[in-house]
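Colleague: Have a peek at start.txt (compact mmCIF, C-alpha atoms).
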```
# COMPACT_ATOMS: atom_id res chain seq x y z
CA MET B 1 51.90 -5.14 10.17
CA ILE B 2 51.77 -8.51 11.80
CA GLU B 3 53.45 -9.56 14.96
CA ILE B 4 55.34 -12.77 14.80
CA SER B 5 56.52 -14.58 17.86
CA THR B 6 59.89 -16.03 16.94
CA PRO B 7 62.23 -17.89 19.28
CA THR B 8 65.61 -16.24 19.74
CA SER B 9 67.42 -19.53 19.36
CA ASN B 10 70.35 -19.31 16.98
CA SER B 11 69.66 -22.79 15.64
CA ILE B 12 67.61 -21.64 12.68
CA SER B 13 68.99 -23.81 9.93
CA ASP B 14 67.24 -26.95 11.06
CA ASN B 15 63.90 -27.56 9.35
CA ASP B 16 62.27 -28.94 12.51
CA VAL B 17 63.20 -25.87 14.45
CA GLU B 18 61.90 -23.70 11.63
CA THR B 19 58.65 -25.61 11.48
CA GLU B 20 58.37 -24.86 15.18
CA GLN B 21 59.01 -21.19 14.39
CA LEU B 22 56.25 -21.21 11.82
CA ASN B 23 53.93 -22.92 14.28
CA LEU B 24 54.63 -20.18 16.81
CA ALA B 25 53.91 -17.59 14.13
CA LEU B 26 50.54 -19.12 13.29
CA THR B 27 47.40 -19.77 15.27
CA ALA B 28 46.27 -23.34 15.85
CA GLU B 29 43.52 -22.82 13.31
CA GLU B 30 46.01 -21.60 10.69
CA ILE B 31 48.31 -24.55 11.36
CA ALA B 32 45.41 -26.97 10.92
CA PHE B 33 44.51 -25.28 7.65
CA PHE B 34 48.11 -25.59 6.40
CA GLU B 35 48.36 -29.26 7.43
CA ASN B 36 45.14 -29.96 5.55
CA LEU B 37 46.49 -28.22 2.47
CA LYS B 38 49.87 -29.99 2.36
CA PRO B 39 48.71 -33.20 0.66
CA LYS B 40 46.68 -31.12 -1.78
CA PHE B 41 49.72 -29.04 -2.62
CA ASP B 42 51.47 -32.31 -3.43
CA SER B 43 48.93 -32.97 -6.18
CA LEU B 44 50.47 -30.06 -8.08
CA LYS B 45 53.93 -31.60 -8.28
CA LYS B 46 55.29 -32.02 -11.78
CA ASN B 47 58.36 -33.35 -13.51
CA PRO B 48 60.32 -32.09 -16.49
CA SER B 49 60.19 -34.15 -19.67
CA GLU B 50 62.66 -36.96 -20.25
CA LYS B 51 63.89 -35.06 -23.32
CA THR B 52 64.90 -32.07 -21.19
CA ILE B 53 66.73 -34.32 -18.74
CA GLN B 54 68.50 -36.06 -21.60
CA ASN B 55 69.52 -32.67 -23.05
CA ILE B 56 71.12 -31.79 -19.72
CA LEU B 57 73.00 -35.07 -19.46
CA ASN B 58 74.14 -34.81 -23.08
CA PHE B 59 75.36 -31.26 -22.52
CA SER B 60 77.46 -32.43 -19.60
CA LYS B 61 79.19 -35.01 -21.77
CA THR B 62 80.22 -32.36 -24.29
CA LEU B 63 82.35 -30.49 -21.73
CA MET J 1 78.39 -48.40 -7.03
CA SER J 2 74.95 -47.34 -5.75
CA PHE J 3 74.56 -43.65 -6.40
CA GLN J 4 71.16 -43.56 -4.72
CA LEU J 5 72.75 -43.98 -1.29
CA LYS J 6 75.22 -41.14 -1.79
CA THR J 7 74.74 -37.67 -0.37
CA ASP J 8 74.49 -34.70 -2.71
CA GLN J 9 77.99 -33.67 -1.75
CA GLU J 10 79.38 -37.13 -2.51
CA LEU J 11 77.61 -37.11 -5.86
CA VAL J 12 79.11 -33.73 -6.73
CA HIS J 13 82.58 -35.11 -5.92
CA LEU J 14 81.98 -38.20 -8.04
CA TYR J 15 80.69 -36.07 -10.91
CA LEU J 16 83.79 -33.91 -10.79
CA LYS J 17 85.86 -37.09 -11.00
CA GLY J 18 84.12 -37.94 -14.26
CA LYS J 19 81.19 -40.08 -13.12
CA GLU J 20 78.39 -38.83 -15.35
CA LEU J 21 75.90 -41.09 -13.59
CA ALA J 22 76.36 -38.99 -10.46
CA LEU J 23 74.89 -36.00 -12.31
CA SER J 24 72.04 -38.18 -13.52
CA GLU J 25 71.27 -39.12 -9.91
CA LEU J 26 71.39 -35.49 -8.76
CA VAL J 27 68.96 -34.46 -11.51
CA THR J 28 66.64 -37.38 -10.80
CA ARG J 29 66.72 -36.77 -7.06
CA HIS J 30 65.80 -33.09 -7.25
CA LYS J 31 63.95 -32.70 -10.55
CA THR J 32 60.43 -32.62 -9.04
CA ARG J 33 61.26 -29.98 -6.43
CA ILE J 34 63.10 -27.78 -8.90
CA TYR J 35 60.75 -28.15 -11.85
CA THR J 36 57.57 -27.69 -9.77
CA SER J 37 59.02 -24.57 -8.15
CA ILE J 38 59.87 -23.11 -11.56
CA TYR J 39 56.57 -24.14 -13.12
CA LEU J 40 54.43 -22.63 -10.36
CA LEU J 41 56.35 -19.36 -10.64
CA VAL J 42 56.21 -18.99 -14.43
CA LYS J 43 52.96 -20.87 -15.04
CA ASP J 44 54.06 -22.11 -18.43
CA GLU J 45 55.15 -25.66 -19.00
CA TYR J 46 57.43 -25.00 -21.96
CA LEU J 47 59.07 -22.01 -20.33
CA ALA J 48 59.56 -24.05 -17.15
CA GLU J 49 61.29 -26.76 -19.21
CA ASP J 50 63.62 -24.14 -20.73
CA ILE J 51 64.45 -22.59 -17.37
CA PHE J 52 64.97 -26.02 -15.79
CA GLN J 53 67.42 -26.89 -18.57
CA ASP J 54 69.21 -23.54 -18.36
CA THR J 55 69.47 -23.95 -14.59
CA PHE J 56 71.31 -27.25 -14.90
CA ILE J 57 73.52 -25.95 -17.69
CA LYS J 58 74.64 -23.22 -15.28
CA VAL J 59 75.05 -25.82 -12.54
CA ILE J 60 77.22 -28.00 -14.79
CA LYS J 61 79.35 -25.09 -15.98
CA THR J 62 79.89 -23.86 -12.42
CA LEU J 63 80.76 -27.32 -11.13
CA LYS J 64 83.17 -28.03 -13.98
CA ALA J 65 84.80 -24.64 -13.52
CA GLY J 66 85.49 -25.58 -9.89
CA LYS J 67 83.48 -22.62 -8.62
CA TYR J 68 80.97 -24.53 -6.50
CA ASN J 69 81.08 -23.55 -2.85
CA GLU J 70 80.74 -26.72 -0.83
CA GLU J 71 79.74 -24.84 2.29
CA GLY J 72 76.26 -24.48 0.91
CA LYS J 73 73.74 -27.21 0.24
CA PHE J 74 73.27 -28.39 -3.32
CA LEU J 75 69.47 -28.01 -3.62
CA PRO J 76 69.21 -24.46 -2.21
CA TRP J 77 72.06 -23.48 -4.52
CA VAL J 78 70.31 -24.91 -7.59
CA LEU J 79 67.01 -23.32 -6.57
CA ARG J 80 68.77 -19.98 -6.20
CA ILE J 81 70.04 -20.28 -9.78
CA ALA J 82 66.55 -21.22 -10.97
CA HIS J 83 65.00 -18.33 -9.04
CA ASN J 84 67.46 -15.87 -10.59
CA LEU J 85 66.68 -17.19 -14.07
CA VAL J 86 62.95 -16.73 -13.43
CA ILE J 87 63.57 -13.15 -12.31
CA ASP J 88 65.75 -12.55 -15.38
CA TYR J 89 62.98 -13.84 -17.61
CA PHE J 90 60.36 -11.51 -16.14
CA ARG J 91 62.79 -8.58 -16.29
CA LYS J 92 63.49 -9.25 -19.96
CA GLU J 93 59.82 -9.59 -20.69
CA LYS J 94 59.19 -6.47 -18.61
CA ARG J 95 56.22 -8.02 -16.98
CA THR J 96 55.23 -9.55 -13.70
CA PRO J 97 54.06 -13.12 -13.31
CA ILE J 98 50.62 -13.64 -14.80
CA ILE J 99 47.80 -13.72 -12.30
CA SER J 100 44.95 -15.44 -13.96
CA ASN J 101 42.49 -18.22 -13.52
CA GLY J 102 42.68 -19.14 -17.17
CA ASP J 103 44.79 -22.11 -18.08
CA GLY J 104 45.57 -23.86 -21.30
CA PHE J 105 45.38 -27.59 -21.86
CA ASP J 106 47.96 -29.40 -19.83
CA ILE J 107 48.73 -32.99 -20.74
CA PHE J 108 50.01 -33.69 -17.22
CA ASP J 109 46.58 -32.87 -15.86
CA VAL J 110 45.07 -35.91 -17.51
CA LEU J 111 47.91 -38.38 -17.12
CA GLY J 112 48.17 -40.93 -14.36
CA ILE J 113 44.53 -41.13 -13.39
CA TYR J 114 43.40 -43.97 -15.63
CA ASP J 115 42.25 -46.24 -12.81
CA GLU J 116 39.67 -43.79 -11.54
CA SER J 117 36.07 -43.30 -12.51
CA ILE J 118 35.16 -40.39 -14.77
CA GLU J 119 33.57 -38.61 -11.81
CA ASP J 120 36.65 -39.09 -9.65
CA LYS J 121 38.80 -37.83 -12.50
CA MET J 122 36.66 -34.73 -12.88
CA VAL J 123 36.67 -33.97 -9.15
CA LYS J 124 40.42 -34.47 -8.95
CA GLN J 125 41.04 -32.35 -12.01
CA GLN J 126 38.78 -29.59 -10.70
CA THR J 127 40.55 -29.68 -7.33
CA TYR J 128 43.88 -29.45 -9.12
CA GLN J 129 42.73 -26.49 -11.22
CA ASP J 130 41.12 -24.69 -8.27
CA LEU J 131 44.20 -24.97 -6.09
CA LYS J 132 46.54 -23.96 -8.90
CA ALA J 133 44.36 -20.94 -9.68
CA LEU J 134 44.31 -19.88 -6.03
CA ILE J 135 48.09 -20.13 -5.70
CA HIS J 136 48.48 -17.97 -8.79
CA LEU J 137 46.16 -15.36 -7.32
CA LEU J 138 48.53 -14.80 -4.41
CA PRO J 139 50.83 -11.76 -4.49
CA SER J 140 54.12 -12.85 -6.05
CA GLU J 141 56.23 -12.54 -2.88
CA GLN J 142 53.77 -14.71 -0.92
CA LYS J 143 53.52 -17.26 -3.72
CA GLU J 144 57.31 -17.39 -3.89
CA VAL J 145 57.73 -18.24 -0.19
CA LEU J 146 54.96 -20.84 -0.30
CA ILE J 147 56.49 -22.54 -3.34
CA MET J 148 60.06 -22.46 -2.05
CA ARG J 149 58.98 -23.80 1.33
CA HIS J 150 56.62 -26.55 0.25
CA TYR J 151 57.94 -27.61 -3.14
CA GLY J 152 61.56 -26.55 -2.87
CA GLU J 153 61.69 -27.74 0.76
CA LEU J 154 63.91 -24.81 1.65
CA SER J 155 64.27 -23.60 5.21
CA PHE J 156 63.03 -20.12 6.05
CA LYS J 157 66.63 -19.03 6.45
CA GLU J 158 67.40 -20.26 2.95
CA ILE J 159 64.26 -18.55 1.59
CA ALA J 160 65.22 -15.36 3.40
CA ASP J 161 68.73 -15.48 1.90
CA LEU J 162 67.39 -16.26 -1.55
CA THR J 163 64.80 -13.47 -1.56
CA GLN J 164 67.01 -11.05 0.39
CA VAL J 165 64.63 -10.45 3.26
CA SER J 166 64.74 -11.23 6.97
CA ILE J 167 63.55 -14.59 8.32
CA ASN J 168 60.66 -12.84 10.04
CA THR J 169 59.59 -11.31 6.73
CA ALA J 170 59.73 -14.72 5.05
CA LEU J 171 57.66 -16.21 7.90
CA GLY J 172 55.22 -13.31 7.68
CA ARG J 173 54.80 -13.82 3.95
CA MET J 174 54.10 -17.49 4.53
CA ARG J 175 51.45 -16.57 7.05
CA TYR J 176 49.89 -14.03 4.71
CA ALA J 177 49.92 -16.60 1.89
CA LEU J 178 48.08 -19.17 4.00
CA ASN J 179 45.57 -16.65 5.30
CA ASN J 180 44.94 -15.29 1.82
CA LEU J 181 44.42 -18.79 0.47
CA ARG J 182 41.89 -19.46 3.21
CA LYS J 183 40.09 -16.17 2.57
CA MET J 184 39.90 -16.87 -1.16
CA MET J 185 38.60 -20.37 -0.56
CA THR J 186 35.95 -19.01 1.78
CA ALA J 187 35.00 -16.20 -0.62
CA LYS J 188 34.70 -18.59 -3.54
CA GLU J 189 33.05 -21.21 -1.33
CA LEU J 190 35.66 -23.65 -2.50
CA THR J 191 36.19 -26.99 -0.88
CA LEU J 192 39.35 -28.65 -2.03
CA LYS J 193 38.41 -32.28 -1.97
CA SER J 194 41.13 -34.90 -1.57
```
Can you dump the structure from the file as structure tokens?
Modeller:
Amino acid sequence: MIEISTPTSNSISDNDVETEQLNLALTAEEIAFFENLKPKFDSLKKNPSEKTIQNILNFSKTL
Amino acid sequence: MSFQLKTDQELVHLYLKGKELALSELVTRHKTRIYTSIYLLVKDEYLAEDIFQDTFIKVIKTLKAGKYNEEGKFLPWVLRIAHNLVIDYFRKEKRTPIISNGDGFDIFDVLGIYDESIEDKMVKQQTYQDLKALIHLLPSEQKEVLIMRHYGELSFKEIADLTQVSINTALGRMRYALNNLRKMMTAKELTLKS
């Protein structure tokens, strides 16, 4: 069981506020680790093939 | 008409008025977030392509049937459909996501790095494989939150809604995911070089 310090603000849909929530939930060391990982996570980004995209667009035209 | 400057909502309206290019822009705008999220969950490129395609077929059918709820945001809605299709797939297969370090040949791993030295390529490729392997070693609920947050760019409220847990649980899973990644990197003495 972990204890998470979360603000009681009702403005929870805004990403900045939520990043702040996450920061409050993590230690400074954990935040630094996450920030260091972010660009590395980006190296895993991928895209679908052009053929798949074309299939989708072609399907749309059939309706 | 420049579709690139339009909001998702405007593009949906234009698409429903018959502008097929609006759909093309929506797919182009969000394809990386959606495809990466699917791929990292199913860990199979071909399956990810199929689920990506099925996701947009559902999106198109729902939009054309006039059933899209404009109160929600477009991307979280599409990611919810994709997430449900991933769950359906694992239910049908009666198995949980594979947790393994082993990976097949992936053409994307070797594309786009032609300007680098062989050593740089090898380091980058190893980094890529190490990080991918570590993410796949995470418990599925932690991996899910990490992927939806970083790649899907969903808010914790949206992740909580999508996975049917409280926001605190989603935040807790994120924290566990990060701490587990760090522990695994320490245990394996891994340094993820840039």
Colleague: Using all atoms listed in the file, select each residue of chain J with any atom at most 6 Å away from an atom of chain B, and give the selection as a list of chain:residue names.
Modeller: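 Residues satisfying the distance criterion: J:Thr32, J:Tyr35, J:Thr36, J:Ser155.
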Colleague: Distance CA of Gly66 in chain J-CA of Glu50 in chain B, one decimal place?
Modeller: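 Calculated distance between CA of Gly66 in chain J and CA of Glu50 in chain B is 27.5 Å.
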Colleague: Could you name the residues that touch Leu134 in chain J at 9 Å or less, counting all atoms listed in the file, but leaving out those on the same chain fewer than 5 positions away, as JSON, numbers by chain?
Modeller: {"J": [101, 129, 181, 184, 185]}
Colleague: Just to confirm, what's the straight-line distance from CA of Lys183 in chain J to CA of Asp161 in chain J in Å (one decimal)?
Modeller: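 Atom-to-atom, CA of Lys183 in chain J to CA of Asp161 in chain J, that is 28.7 Å.
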Colleague: To one decimal in Å, tell me the separation between CA of Gln53 in chain J and CA of Met174 in chain J.
Modeller: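 Separation of CA of Gln53 in chain J and CA of Met174 in chain J: 28.3 Å.
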Colleague: With distances taken over only C-alpha atoms, which of J:Ile51, J:Met1, J:Val42, J:Ala22 is nearest to Ile81 in chain J?
Modeller: J:Ile51
Colleague: Please put the answer as lines of an AutoDock Vina configuration file: centre and edge lengths, in Å with one decimal, of a box along x, y and z that encloses all listed atoms of range 162-172 of chain J plus 8 Å on each side.
Modeller:
```
center_x = 61.3
center_y = -13.4
center_z = 4.2
size_x = 28.2
size_y = 21.8
size_z = 27.6
```
